[in-house]
Amino acid sequence: MLVVGSGKGGTGGSTVSALLALAMSEGGRRTLLIDSDELVGTLHRLLGIDVPVGLQGLRSGTQTPSDAIVTLTNRLSLLPGGPGPDAFLAENTAALSTDERRVLVRRIGLLYGDYDVVIVDAGSRLDSVLAAASSGVQRFVLVTATDSVALAATYALVKAIDHKYPGAPVDLLVNRHED
């Protein structure tokens with residue numbers, strides 16, 4: 001399980017997540033790509049697909065994580081983020097609380113045994129990155145840009161990860177850097 005995150009939005013984490021998932025699936029591994037942003041979700045847009053059920057649709061418990069899976073290829077599946085197509089009908093489209101996120105991550109974690117690789121696009125919110133890792137992370141991939149705010153925020157994220165998951169492997173990708 002890989003968790004891709006960043007200290008600041010807009011650094012390319014979703015693109016890196018999608019490219020990693022595509023590479024893993026093309027390498028013959030059954031891959032699940034998860035977009036953990038319940039408010040907007042980016043990966044389904046990036047991959048050009050409609051979302052039947054977003055993470056927000058899983059909040060009530062009436063939908064299962066399996067209901068939300070979109071098969072992209074025979075080896076690549078997506079659990080899209082965002083509210084889903086009926087968001088305007090939903091009464092509760094606020095961000096998940098920490099407890100709601102933990103419960104949802106546990107429910108989604110039951111799917112992991114069906115895949116060789118799970119890649120979670122955890123975004124840039126600390127609670128989202130740490131919660132995504134709670135189902136058995138093997139490696140973090142942190143994406144940052146070269147500006148001082150992105151670097152400082154990603155450094156803070158590295159410190160938080162090390163505090164919560166001491167010794168967990170963390171790879172750093174500095175996006176948009178010439179050298």
# chains A, B, ... in the order shown; residues from 1 in each chain; ligands from 1
>>> residues_around(residues="His177 of chain A", least_positions_apart="2", cutoff="9 Å", atoms="only C-alpha atoms", output="count of residues only")
5
>>> residues_around(residues="Tyr165 of chain A", least_positions_apart="2", cutoff="10 Å", atoms="only C-alpha atoms", output="ChimeraX atom specification")
/A:130,133-134,137,159-163,167-169
>>> write_last_selection(atoms="C-alpha atoms", output="PDB file, in the first residue's frame")
ATOM      1  CA  LEU A 130      -2.584   9.860   8.385  1.00  0.00           C
ATOM      2  CA  ALA A 133      -2.096   5.047   6.271  1.00  0.00           C
ATOM      3  CA  SER A 134      -4.014   3.399   9.115  1.00  0.00           C
ATOM      4  CA  VAL A 137       0.811   1.571   4.675  1.00  0.00           C
ATOM      5  CA  LYS A 159       7.551  15.090  10.848  1.00  0.00           C
ATOM      6  CA  ALA A 160       3.898  14.171  11.528  1.00  0.00           C
ATOM      7  CA  ILE A 161       4.257  10.885   9.640  1.00  0.00           C
ATOM      8  CA  ASP A 162       7.422  10.016  11.542  1.00  0.00           C
ATOM      9  CA  HIS A 163       5.673  10.761  14.819  1.00  0.00           C
ATOM     10  CA  GLY A 167      10.456   4.465  10.659  1.00  0.00           C
ATOM     11  CA  ALA A 168       7.890   4.259   7.843  1.00  0.00           C
ATOM     12  CA  PRO A 169       9.587   4.672   4.465  1.00  0.00           C
TER      13      PRO A 169
END
>>> select_by_dssp(residues="segment 56-133 of chain A", states="strand (DSSP E)", output="VMD selection string")
chain A and resid 70 to 71 76 to 79 117 to 123
>>> write_last_selection(atoms="all heavy atoms", output="PDB file, in the first residue's frame")
ATOM      1  N   VAL A  70     -14.914   1.580  -9.703  1.00  0.00           N
ATOM      2  CA  VAL A  70     -15.041   1.702 -11.148  1.00  0.00           C
ATOM      3  C   VAL A  70     -13.872   0.929 -11.764  1.00  0.00           C
ATOM      4  O   VAL A  70     -12.710   1.196 -11.452  1.00  0.00           O
ATOM      5  CB  VAL A  70     -14.973   3.178 -11.596  1.00  0.00           C
ATOM      6  CG1 VAL A  70     -15.019   3.291 -13.107  1.00  0.00           C
ATOM      7  CG2 VAL A  70     -16.083   3.994 -10.947  1.00  0.00           C
ATOM      8  N   THR A  71     -14.191  -0.044 -12.620  1.00  0.00           N
ATOM      9  CA  THR A  71     -13.153  -0.814 -13.296  1.00  0.00           C
ATOM     10  C   THR A  71     -12.678  -0.032 -14.510  1.00  0.00           C
ATOM     11  O   THR A  71     -13.474   0.280 -15.396  1.00  0.00           O
ATOM     12  CB  THR A  71     -13.689  -2.200 -13.712  1.00  0.00           C
ATOM     13  OG1 THR A  71     -14.146  -2.878 -12.543  1.00  0.00           O
ATOM     14  CG2 THR A  71     -12.614  -3.018 -14.392  1.00  0.00           C
ATOM     15  N   LEU A  76      -6.823  -2.518 -13.305  1.00  0.00           N
ATOM     16  CA  LEU A  76      -6.855  -1.221 -12.623  1.00  0.00           C
ATOM     17  C   LEU A  76      -8.281  -0.825 -12.290  1.00  0.00           C
ATOM     18  O   LEU A  76      -9.142  -0.764 -13.166  1.00  0.00           O
ATOM     19  CB  LEU A  76      -6.207  -0.133 -13.501  1.00  0.00           C
ATOM     20  CG  LEU A  76      -6.181   1.283 -12.928  1.00  0.00           C
ATOM     21  CD1 LEU A  76      -5.459   1.340 -11.586  1.00  0.00           C
ATOM     22  CD2 LEU A  76      -5.531   2.230 -13.925  1.00  0.00           C
ATOM     23  N   SER A  77      -8.505  -0.559 -10.992  1.00  0.00           N
ATOM     24  CA  SER A  77      -9.814  -0.100 -10.523  1.00  0.00           C
ATOM     25  C   SER A  77      -9.631   1.203  -9.764  1.00  0.00           C
ATOM     26  O   SER A  77      -8.573   1.460  -9.179  1.00  0.00           O
ATOM     27  CB  SER A  77     -10.445  -1.144  -9.605  1.00  0.00           C
ATOM     28  OG  SER A  77     -10.659  -2.346 -10.303  1.00  0.00           O
ATOM     29  N   LEU A  78     -10.681   2.000  -9.754  1.00  0.00           N
ATOM     30  CA  LEU A  78     -10.668   3.298  -9.076  1.00  0.00           C
ATOM     31  C   LEU A  78     -11.806   3.362  -8.082  1.00  0.00           C
ATOM     32  O   LEU A  78     -12.944   3.016  -8.403  1.00  0.00           O
ATOM     33  CB  LEU A  78     -10.829   4.432 -10.101  1.00  0.00           C
ATOM     34  CG  LEU A  78     -11.037   5.844  -9.547  1.00  0.00           C
ATOM     35  CD1 LEU A  78      -9.781   6.346  -8.835  1.00  0.00           C
ATOM     36  CD2 LEU A  78     -11.432   6.802 -10.665  1.00  0.00           C
ATOM     37  N   LEU A  79     -11.492   3.807  -6.882  1.00  0.00           N
ATOM     38  CA  LEU A  79     -12.512   4.191  -5.905  1.00  0.00           C
ATOM     39  C   LEU A  79     -12.499   5.712  -5.913  1.00  0.00           C
ATOM     40  O   LEU A  79     -11.597   6.335  -5.354  1.00  0.00           O
ATOM     41  CB  LEU A  79     -12.197   3.638  -4.518  1.00  0.00           C
ATOM     42  CG  LEU A  79     -13.194   3.996  -3.432  1.00  0.00           C
ATOM     43  CD1 LEU A  79     -14.578   3.442  -3.752  1.00  0.00           C
ATOM     44  CD2 LEU A  79     -12.730   3.485  -2.094  1.00  0.00           C
ATOM     45  N   VAL A 117      -1.773  -4.230  -5.281  1.00  0.00           N
ATOM     46  CA  VAL A 117      -1.272  -2.913  -4.927  1.00  0.00           C
ATOM     47  C   VAL A 117      -2.456  -1.988  -4.667  1.00  0.00           C
ATOM     48  O   VAL A 117      -3.431  -1.997  -5.418  1.00  0.00           O
ATOM     49  CB  VAL A 117      -0.416  -2.299  -6.071  1.00  0.00           C
ATOM     50  CG1 VAL A 117       0.046  -0.901  -5.722  1.00  0.00           C
ATOM     51  CG2 VAL A 117       0.759  -3.184  -6.408  1.00  0.00           C
ATOM     52  N   VAL A 118      -2.364  -1.199  -3.607  1.00  0.00           N
ATOM     53  CA  VAL A 118      -3.349  -0.159  -3.315  1.00  0.00           C
ATOM     54  C   VAL A 118      -2.589   1.161  -3.251  1.00  0.00           C
ATOM     55  O   VAL A 118      -1.607   1.279  -2.521  1.00  0.00           O
ATOM     56  CB  VAL A 118      -4.081  -0.419  -1.982  1.00  0.00           C
ATOM     57  CG1 VAL A 118      -5.022   0.734  -1.656  1.00  0.00           C
ATOM     58  CG2 VAL A 118      -4.833  -1.735  -2.027  1.00  0.00           C
ATOM     59  N   ILE A 119      -3.050   2.124  -4.034  1.00  0.00           N
ATOM     60  CA  ILE A 119      -2.446   3.452  -4.041  1.00  0.00           C
ATOM     61  C   ILE A 119      -3.523   4.439  -3.627  1.00  0.00           C
ATOM     62  O   ILE A 119      -4.578   4.519  -4.256  1.00  0.00           O
ATOM     63  CB  ILE A 119      -1.882   3.812  -5.428  1.00  0.00           C
ATOM     64  CG1 ILE A 119      -0.782   2.814  -5.796  1.00  0.00           C
ATOM     65  CG2 ILE A 119      -1.372   5.253  -5.451  1.00  0.00           C
ATOM     66  CD1 ILE A 119      -0.265   2.950  -7.203  1.00  0.00           C
ATOM     67  N   VAL A 120      -3.245   5.170  -2.563  1.00  0.00           N
ATOM     68  CA  VAL A 120      -4.201   6.149  -2.048  1.00  0.00           C
ATOM     69  C   VAL A 120      -3.693   7.551  -2.338  1.00  0.00           C
ATOM     70  O   VAL A 120      -2.604   7.928  -1.892  1.00  0.00           O
ATOM     71  CB  VAL A 120      -4.420   5.985  -0.526  1.00  0.00           C
ATOM     72  CG1 VAL A 120      -5.419   7.019  -0.021  1.00  0.00           C
ATOM     73  CG2 VAL A 120      -4.869   4.581  -0.181  1.00  0.00           C
ATOM     74  N   ASP A 121      -4.466   8.305  -3.096  1.00  0.00           N
ATOM     75  CA  ASP A 121      -4.196   9.722  -3.290  1.00  0.00           C
ATOM     76  C   ASP A 121      -4.810  10.423  -2.081  1.00  0.00           C
ATOM     77  O   ASP A 121      -6.014  10.668  -2.031  1.00  0.00           O
ATOM     78  CB  ASP A 121      -4.832  10.214  -4.594  1.00  0.00           C
ATOM     79  CG  ASP A 121      -4.615  11.697  -4.836  1.00  0.00           C
ATOM     80  OD1 ASP A 121      -3.890  12.348  -4.040  1.00  0.00           O
ATOM     81  OD2 ASP A 121      -5.181  12.213  -5.811  1.00  0.00           O
ATOM     82  N   ALA A 122      -3.973  10.708  -1.094  1.00  0.00           N
ATOM     83  CA  ALA A 122      -4.459  11.220   0.190  1.00  0.00           C
ATOM     84  C   ALA A 122      -4.548  12.734   0.236  1.00  0.00           C
ATOM     85  O   ALA A 122      -5.004  13.289   1.233  1.00  0.00           O
ATOM     86  CB  ALA A 122      -3.566  10.716   1.321  1.00  0.00           C
ATOM     87  N   GLY A 123      -4.115  13.409  -0.792  1.00  0.00           N
ATOM     88  CA  GLY A 123      -4.237  14.859  -0.813  1.00  0.00           C
ATOM     89  C   GLY A 123      -3.264  15.551   0.119  1.00  0.00           C
ATOM     90  O   GLY A 123      -2.199  15.016   0.448  1.00  0.00           O
TER      91      GLY A 123
END
>>> residues_around(residues="segment 40-52 of chain A", least_positions_apart="6", cutoff="8 Å", atoms="only C-alpha atoms", output="list in words")
Ser14, Thr15, Ala18, Ala68, Val70, Leu78, Pro80, Gly81, Gly82, Pro83, Gly84 and Pro85 of chain A
>>> select_by_dssp(residues="segment 30-135 of chain A", states="alpha helix (DSSP H)", output="PyMOL selection string")
chain A and resi 43-46+55-58+65-68+98-109+126-133
>>> closest_atom_pairs(of="segment 127-160 of chain A", to="segment 99-103 of chain A", cutoff="10 Å", atoms="only C-alpha atoms", output="tab-separated table")
residue	atom	partner	partner_atom	distance
A:Asp127	CA	A:Arg101	CA	8.4
A:Ser128	CA	A:Arg101	CA	7.6
A:Leu130	CA	A:Arg102	CA	9.7
A:Ala131	CA	A:Arg102	CA	6.1
A:Ala132	CA	A:Arg102	CA	8.4
A:Ser134	CA	A:Arg102	CA	8.0
A:Ser135	CA	A:Arg102	CA	9.4
>>> write_last_selection(atoms="C-alpha atoms", output="PDB file, in the first residue's frame")
ATOM      1  CA  ASP A 127      -5.885  13.962   8.805  1.00  0.00           C
ATOM      2  CA  SER A 128      -6.483  12.463   5.368  1.00  0.00           C
ATOM      3  CA  LEU A 130      -2.584   9.860   8.385  1.00  0.00           C
ATOM      4  CA  ALA A 131      -5.984   8.143   8.181  1.00  0.00           C
ATOM      5  CA  ALA A 132      -5.175   6.653   4.767  1.00  0.00           C
ATOM      6  CA  SER A 134      -4.014   3.399   9.115  1.00  0.00           C
ATOM      7  CA  SER A 135      -4.930   0.382   6.987  1.00  0.00           C
TER       8      SER A 135
END
